[in-house]
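Asker: Take a look at the following structure, please.
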Amino acid sequence: MTHAPKFTTLGCRLNAYESEAMKDLAQQAGLNDAVIVNTCAVTAEAVRKSKQEIRRLRREHPDAKVIVTGCAAQIEPETFAAMSEVDAVIGNTEKMQADTWHGLSSNFIGETERVKVDDIMSVTETAGHLIDGFGTRSRAYVQVQNGCDHRCTFCIIPFGRGNSRSVPAGVVVDQIKRLVDKGYNEVVLTGVDLTSWGADLPATPKLGDLVMRILKLIPDLPRLRISSIDSIEVDENLMQAIATEPRLMPHLHLSLQHGDDLILKRMKRRHLRDDAIRFCEDARKLRPDMTYGADIIAGFPTETDAHFENSLKLIQDCHLTWLHIFPYSPRQGTPAARMPQITGSVIKQRAAQLRDAGATRVTSHLSEQIGKTHNILMENPLMGRTEQFCEVTFDTPQTEGSIITAKILGKSNNTLLA
């Protein structure tokens with residue numbers, strides 16, 4: 001008896017998106033009895049977890065073909081090829097090509113190379129792979145950009161994803177029209193460095209141009225959401241969309257990373273503390289219901305108590321709500337790994353303080369919603385999300401995928417009750 005391929009995904013939202021696209025490619029190729037691990041390389045810990053997952057899956061599926069892909073496989077293919085549990089290693093470009101999966105299916109490790117990983121820096125285009133949600137009929141994701149041209153000192157990802165490249169606006173609009181026709185009420189634009197979208201296209205359009213074009217050409221799209229952005233790269237049209245387009249959701253996740261100017265410079269970021277604060281103030285003036293999430297790294301090399309306090313204060317100064325806190329861990333091959341390191345116990349303690357501050361902000365934000373009326377996109381019959389991405393639970397079933405208007409009656413833990 002054959003079984004459909006099993007996918008395990010580590011890391012970012014884009015990896016999850018690509019796993020969904022790979023499922024379609026693997027199924028179309030008739031690849032059965034295979035386990036595919038889509039790895040992450042953002043930290044040394046992420047690579048360790050990827051290896052751990054591969055070993056676990058081999059124990060659970062002793063007769064399956066184990067295929068490893070993703071950023072860790074792209075950056076260090078020889079490491080994964082040397083693992084006895086692994087049958088094949090494919091790169092980030094190859095994993096999105098139908099020919100790769102047909103080759104794996106037709107003659108596994110015969111005509112197919114065991115390691116198929118090309119130079120990611122030579123890739124100049126990103127195909128617009130279309131997927132329909134992540135196990136939900138309410139929200140769909142559209143990848144509009146891949147790769148990154150920046151070289152932050154802590155980050156290995158450009159070597160896993162390549163240089164920045166954009167999906168043309170016309171392709172994006174056609175994909176979203178198709179999704180709206182299929183009944184999706186919310187579309188999320190995703191990418192590695194979303195605000196760099198368009199720099200490699202003719203006339204070098206900006207992300208704001210794409211957002212305005214989508215909203216203008218697809219009037220039937222109820223909700224458009226954008227994933228993580230670099231606030232220093234936000235253009236005038238995106239600010240205009242924030243100010244004038246209620247269908248653009250009032251929730252932005254910001255790649256801030258730190259709150260101290262010296263550490264930001266050592267990270268090779270392109271913004272300073274005041275730039276982040278100013279952006280958050282400006283966007284909230286244009287859209288008073290705007291909420292922010294942010295990535296913040298705790299314990300970056302050379303971080304003093306005073307530097308750390310500036311990160312802690314940034315949570316209040318920018319009115320951040322949804323935080324992703326990353327305890328710094330050195331990534332071999334990055335400049336930051338060669339800088340003076342902070343003690344692990346200190347990093348852990350600082351990360352906990354940031355998380356506690358974030359939890360306080362979430363509690364405060366949710367309390368402010370009680371008594372207010374929200375438009376809620378139902379992800380399943382008993383749970384949906386507000387425009388600001390707060391989770392809301394209901395005690396009576398609603399229609400999955402629908403947008404309903406409801407009054408918030410209370411909260412429980414990190415969830416609103418309606």
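Residue numbers start at 1 in each chain; chains themselves are named A, B, ... in the order of the structure tokens; ligands are numbered from 1 in the order shown.
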Sorted by chain and rising residue number, which residues of region 252-283 of chain A lie within 12 Å of region 334-341 of chain A, and what are their closest atom pairs and distances in Å to one decimal, counting only C-alpha atoms, as CSV?

Answerer:
```
residue,atom,partner,partner_atom,distance
A:Ile263,CA,A:Ala336,CA,10.9
A:Leu264,CA,A:Ala336,CA,11.9
A:Lys265,CA,A:Ala336,CA,11.7
A:Arg266,CA,A:Ala336,CA,8.2
A:Met267,CA,A:Ala336,CA,7.5
A:Lys268,CA,A:Ala336,CA,10.0
```

Asker: Convert the current residue selection to file output with N, CA and C atoms, as a compact mmCIF listing (two decimals), in the first residue's frame.

Answerer:
```txt
# COMPACT_ATOMS: atom_id res chain seq x y z
N ILE A 263 23.90 49.07 18.47
CA ILE A 263 23.68 47.66 18.11
C ILE A 263 23.08 47.56 16.71
N LEU A 264 22.16 48.44 16.37
CA LEU A 264 21.58 48.44 15.02
C LEU A 264 22.67 48.63 13.97
N LYS A 265 23.64 49.52 14.24
CA LYS A 265 24.75 49.71 13.30
C LYS A 265 25.62 48.46 13.21
N ARG A 266 25.85 47.83 14.36
CA ARG A 266 26.66 46.60 14.34
C ARG A 266 25.92 45.45 13.65
N MET A 267 24.60 45.51 13.69
CA MET A 267 23.79 44.53 12.95
C MET A 267 23.77 44.83 11.44
N LYS A 268 24.19 46.03 11.07
CA LYS A 268 24.15 46.52 9.69
C LYS A 268 22.70 46.70 9.22
```

Asker: As an mmCIF file with N, CA and C atoms, in the first residue's frame, please: all residues of region 142-353 of chain A that backbone DSSP puts in strand (DSSP E or B).

Answerer:
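Final file, out.cif:
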```
data_model
loop_
_atom_site.group_PDB
_atom_site.id
_atom_site.type_symbol
_atom_site.label_atom_id
_atom_site.label_comp_id
_atom_site.auth_asym_id
_atom_site.auth_seq_id
_atom_site.Cartn_x
_atom_site.Cartn_y
_atom_site.Cartn_z
ATOM 1 N N VAL A 142 -0.002 34.523 -1.005
ATOM 2 C CA VAL A 142 0.578 34.704 -2.334
ATOM 3 C C VAL A 142 2.019 35.192 -2.160
ATOM 4 N N GLN A 143 2.965 34.401 -2.650
ATOM 5 C CA GLN A 143 4.371 34.801 -2.574
ATOM 6 C C GLN A 143 4.650 35.793 -3.694
ATOM 7 N N GLN A 145 7.667 37.805 -3.566
ATOM 8 C CA GLN A 145 9.085 38.154 -3.552
ATOM 9 C C GLN A 145 9.862 37.041 -2.870
ATOM 10 N N ASN A 146 11.127 36.900 -3.239
ATOM 11 C CA ASN A 146 12.006 35.927 -2.590
ATOM 12 C C ASN A 146 13.411 36.525 -2.514
ATOM 13 N N ARG A 165 14.325 38.961 -5.663
ATOM 14 C CA ARG A 165 13.660 38.958 -6.969
ATOM 15 C C ARG A 165 12.152 38.958 -6.749
ATOM 16 N N SER A 166 11.452 39.581 -7.694
ATOM 17 C CA SER A 166 10.034 39.887 -7.503
ATOM 18 C C SER A 166 9.162 39.168 -8.524
ATOM 19 N N GLU A 186 -9.645 36.722 2.402
ATOM 20 C CA GLU A 186 -8.424 37.424 2.807
ATOM 21 C C GLU A 186 -7.226 36.820 2.091
ATOM 22 N N VAL A 187 -6.352 37.702 1.601
ATOM 23 C CA VAL A 187 -5.113 37.287 0.943
ATOM 24 C C VAL A 187 -3.952 37.959 1.667
ATOM 25 N N VAL A 188 -2.888 37.177 1.911
ATOM 26 C CA VAL A 188 -1.685 37.689 2.576
ATOM 27 C C VAL A 188 -0.535 37.678 1.578
ATOM 28 N N LEU A 189 0.137 38.831 1.415
ATOM 29 C CA LEU A 189 1.317 38.903 0.565
ATOM 30 C C LEU A 189 2.532 38.487 1.389
ATOM 31 N N THR A 190 3.339 37.549 0.857
ATOM 32 C CA THR A 190 4.497 37.066 1.604
ATOM 33 C C THR A 190 5.773 37.216 0.781
ATOM 34 N N ARG A 223 -10.279 41.622 2.097
ATOM 35 C CA ARG A 223 -9.182 41.927 3.027
ATOM 36 C C ARG A 223 -7.835 41.564 2.405
ATOM 37 N N LEU A 224 -6.910 42.526 2.451
ATOM 38 C CA LEU A 224 -5.529 42.302 2.019
ATOM 39 C C LEU A 224 -4.623 42.532 3.213
ATOM 40 N N ARG A 225 -3.719 41.593 3.428
ATOM 41 C CA ARG A 225 -2.802 41.685 4.563
ATOM 42 C C ARG A 225 -1.373 41.570 4.032
ATOM 43 N N ILE A 226 -0.447 42.322 4.630
ATOM 44 C CA ILE A 226 0.949 42.169 4.242
ATOM 45 C C ILE A 226 1.734 41.628 5.428
ATOM 46 N N ILE A 229 7.542 43.510 7.214
ATOM 47 C CA ILE A 229 8.124 44.561 6.378
ATOM 48 C C ILE A 229 9.283 45.245 7.104
ATOM 49 N N LEU A 248 -7.037 47.217 3.422
ATOM 50 C CA LEU A 248 -5.688 46.844 3.857
ATOM 51 C C LEU A 248 -5.717 46.731 5.371
ATOM 52 N N HIS A 251 -2.583 45.921 10.556
ATOM 53 C CA HIS A 251 -1.665 45.112 11.351
ATOM 54 C C HIS A 251 -0.385 44.953 10.551
ATOM 55 N N LEU A 252 0.711 45.476 11.073
ATOM 56 C CA LEU A 252 1.999 45.386 10.383
ATOM 57 C C LEU A 252 3.006 44.707 11.294
ATOM 58 N N HIS A 253 3.721 43.740 10.739
ATOM 59 C CA HIS A 253 4.799 43.103 11.494
ATOM 60 C C HIS A 253 6.118 43.702 11.016
ATOM 61 N N LEU A 254 6.875 44.288 11.951
ATOM 62 C CA LEU A 254 8.049 45.082 11.596
ATOM 63 C C LEU A 254 9.345 44.330 11.920
ATOM 64 N N SER A 255 10.275 44.376 10.984
ATOM 65 C CA SER A 255 11.593 43.790 11.207
ATOM 66 C C SER A 255 12.464 44.848 11.887
ATOM 67 N N LEU A 256 12.352 44.956 13.219
ATOM 68 C CA LEU A 256 13.072 45.997 13.968
ATOM 69 C C LEU A 256 14.408 45.486 14.509
ATOM 70 N N GLN A 257 14.406 44.305 15.105
ATOM 71 C CA GLN A 257 15.589 43.588 15.582
ATOM 72 C C GLN A 257 16.224 44.145 16.857
ATOM 73 N N THR A 291 -2.108 48.153 14.598
ATOM 74 C CA THR A 291 -1.347 47.429 15.624
ATOM 75 C C THR A 291 -0.055 46.915 14.991
ATOM 76 N N TYR A 292 0.949 46.721 15.842
ATOM 77 C CA TYR A 292 2.264 46.316 15.343
ATOM 78 C C TYR A 292 2.746 45.048 16.014
ATOM 79 N N GLY A 293 3.354 44.204 15.200
ATOM 80 C CA GLY A 293 4.178 43.124 15.718
ATOM 81 C C GLY A 293 5.619 43.473 15.385
ATOM 82 N N ALA A 294 6.568 42.746 15.952
ATOM 83 C CA ALA A 294 7.965 43.029 15.643
ATOM 84 C C ALA A 294 8.856 41.850 15.992
ATOM 85 N N ASP A 295 9.958 41.741 15.240
ATOM 86 C CA ASP A 295 11.036 40.815 15.569
ATOM 87 C C ASP A 295 12.078 41.574 16.389
ATOM 88 N N ILE A 296 12.480 41.016 17.520
ATOM 89 C CA ILE A 296 13.538 41.621 18.332
ATOM 90 C C ILE A 296 14.506 40.525 18.776
ATOM 91 N N ILE A 297 15.797 40.804 18.626
ATOM 92 C CA ILE A 297 16.842 39.856 19.022
ATOM 93 C C ILE A 297 17.376 40.237 20.396
ATOM 94 N N ALA A 298 17.446 39.260 21.280
ATOM 95 C CA ALA A 298 17.996 39.471 22.630
ATOM 96 C C ALA A 298 19.417 38.936 22.688
ATOM 97 N N LEU A 320 4.324 48.335 20.490
ATOM 98 C CA LEU A 320 4.350 47.005 19.879
ATOM 99 C C LEU A 320 3.441 46.058 20.659
ATOM 100 N N THR A 321 2.770 45.165 19.950
ATOM 101 C CA THR A 321 1.859 44.222 20.598
ATOM 102 C C THR A 321 2.288 42.775 20.405
ATOM 103 N N TRP A 322 2.430 42.345 19.161
ATOM 104 C CA TRP A 322 2.714 40.932 18.892
ATOM 105 C C TRP A 322 4.214 40.771 18.642
ATOM 106 N N LEU A 323 4.940 40.247 19.620
ATOM 107 C CA LEU A 323 6.397 40.180 19.517
ATOM 108 C C LEU A 323 6.895 38.777 19.182
ATOM 109 N N HIS A 324 7.893 38.716 18.312
ATOM 110 C CA HIS A 324 8.672 37.503 18.085
ATOM 111 C C HIS A 324 10.051 37.771 18.668
ATOM 112 N N ILE A 325 10.379 37.131 19.784
ATOM 113 C CA ILE A 325 11.651 37.359 20.467
ATOM 114 C C ILE A 325 12.615 36.227 20.107
ATOM 115 N N PHE A 326 13.789 36.598 19.622
ATOM 116 C CA PHE A 326 14.799 35.617 19.228
ATOM 117 C C PHE A 326 16.019 35.741 20.141
ATOM 118 N N PRO A 327 16.293 34.748 20.992
ATOM 119 C CA PRO A 327 17.559 34.767 21.730
ATOM 120 C C PRO A 327 18.695 34.602 20.710
#
```

Asker: Can you tell me, as a count of residues only, which residues in region 111-293 of chain A count as helix (DSSP H, G or I) by DSSP?

Answerer: 67

Asker: So, counting only C-alpha atoms, which residue among A:Leu366, A:Asp275, A:Arg247, A:Leu221 is closest to Asp181 (chain A)?

Answerer: A:Leu221

Asker: Excluding His374 (chain A) and any residue of its chain fewer than 2 positions from it, enumerate the residues within 9 Å of it, using only C-alpha atoms, and give them as a PyMOL selection string.

Answerer: chain A and resi 369+372+376+386-387+404-408

Asker: Those same residues - N, CA and C atoms - I'd like them written as a compact mmCIF listing (two decimals), in the first residue's frame.

Answerer:
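Produced file selection.txt, reproduced below:
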```
# COMPACT_ATOMS: atom_id res chain seq x y z
N GLN A 369 -10.08 45.95 23.76
CA GLN A 369 -11.04 45.56 22.71
C GLN A 369 -12.42 45.21 23.29
N LYS A 372 -15.92 46.63 22.16
CA LYS A 372 -15.84 47.12 20.78
C LYS A 372 -16.43 46.10 19.82
N ILE A 376 -14.70 40.04 11.88
CA ILE A 376 -13.90 38.87 12.22
C ILE A 376 -13.95 37.85 11.08
N THR A 386 -9.65 39.20 14.19
CA THR A 386 -10.02 40.57 13.88
C THR A 386 -9.10 41.11 12.79
N GLU A 387 -9.38 42.33 12.34
CA GLU A 387 -8.52 42.95 11.34
C GLU A 387 -7.11 43.15 11.88
N ILE A 404 -17.71 38.07 9.80
CA ILE A 404 -18.89 38.43 10.57
C ILE A 404 -18.57 39.62 11.48
N THR A 405 -19.60 40.37 11.79
CA THR A 405 -19.45 41.51 12.70
C THR A 405 -19.94 41.08 14.07
N ALA A 406 -19.11 41.25 15.07
CA ALA A 406 -19.47 40.79 16.42
C ALA A 406 -18.89 41.72 17.47
N LYS A 407 -19.59 41.77 18.61
CA LYS A 407 -19.13 42.57 19.74
C LYS A 407 -18.25 41.70 20.65
N ILE A 408 -17.15 42.28 21.10
CA ILE A 408 -16.24 41.56 22.01
C ILE A 408 -16.80 41.65 23.43
```

Asker: In Å to one decimal, how far is CA of Val68 (chain A) from CA of Ala21 (chain A)?

Answerer: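 According to the coordinates, CA of Ala21 (chain A) and CA of Val68 (chain A) are separated by 15.5 Å.
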
Asker: List the spatial neighbours of region 389-392 of chain A as a short mmCIF file (atom, residue, chain, number, x, y, z; two decimals) with N, CA and C atoms, in the first residue's frame - criterion: any atom at most 8 Å away, only C-alpha atoms, same-chain residues fewer than 4 positions off excluded.

Answerer:
```
data_model
loop_
_atom_site.label_atom_id
_atom_site.label_comp_id
_atom_site.auth_asym_id
_atom_site.auth_seq_id
_atom_site.Cartn_x
_atom_site.Cartn_y
_atom_site.Cartn_z
N HIS A 251 -2.58 45.92 10.56
CA HIS A 251 -1.67 45.11 11.35
C HIS A 251 -0.39 44.95 10.55
N LEU A 366 -5.73 43.46 24.40
CA LEU A 366 -6.97 42.68 24.39
C LEU A 366 -8.02 43.31 25.30
N ILE A 376 -14.70 40.04 11.88
CA ILE A 376 -13.90 38.87 12.22
C ILE A 376 -13.95 37.85 11.08
N MET A 383 -13.59 29.85 15.75
CA MET A 383 -12.49 30.79 15.94
C MET A 383 -12.23 31.62 14.70
N GLY A 384 -12.03 32.93 14.93
CA GLY A 384 -11.69 33.83 13.84
C GLY A 384 -10.69 34.86 14.30
N ARG A 385 -10.35 35.80 13.39
CA ARG A 385 -9.40 36.86 13.74
C ARG A 385 -9.93 38.22 13.33
N ASN A 414 -4.97 34.71 25.94
CA ASN A 414 -4.62 35.59 24.82
C ASN A 414 -5.71 35.60 23.74
N THR A 415 -6.92 35.29 24.13
CA THR A 415 -8.02 35.17 23.18
C THR A 415 -9.19 36.07 23.58
N LEU A 416 -9.80 36.71 22.58
CA LEU A 416 -11.01 37.49 22.83
C LEU A 416 -12.22 36.58 22.75
N LEU A 417 -13.29 36.94 23.46
CA LEU A 417 -14.53 36.16 23.45
C LEU A 417 -15.64 37.00 22.83
N ALA A 418 -16.38 36.38 21.89
CA ALA A 418 -17.47 37.12 21.23
C ALA A 418 -18.71 36.26 21.18
#
```

Asker: Pick the closest to Asp289 (chain A) from A:Ile242, A:Met212, A:Val37, A:Ile315: which is it, counting only C-alpha atoms?

Answerer: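 Among the listed residues, A:Ile242 lies closest to Asp289 (chain A).
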
Asker: Which of these residues is nearest to His319 (chain A), using only C-alpha atoms: A:Thr343, A:Thr244, A:Ser364, A:Gln97?

Answerer: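 Distance minimum relative to His319 (chain A) lands on A:Ser364.
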
Asker: What does the structure give for the distance between CA of Leu25 (chain A) and CA of Gln175 (chain A), in Å to one decimal?

Answerer: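 These atoms are spaced 17.5 Å apart.
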
Asker: From the options A:Val47, A:Ala243, A:Ile176, A:Ile277, which residue's atoms come nearest to Leu10 (chain A), counting only C-alpha atoms?

Answerer: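 Of A:Val47, A:Ala243, A:Ile176, A:Ile277, the one nearest Leu10 (chain A), counting only C-alpha atoms, is A:Val47.
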
Asker: One number please: CA of Arg58 (chain A) to CA of Gly70 (chain A), in Å, one decimal.

Answerer: 17.8 Å

Asker: Neighbouring residues of Asn310 (chain A) were defined as those with any atom within 9 Å, considering only C-alpha atoms; residues of the same chain fewer than 5 positions away were excluded. Please report them as a PyMOL selection string.

Answerer: chain A and resi 258-261+273+305
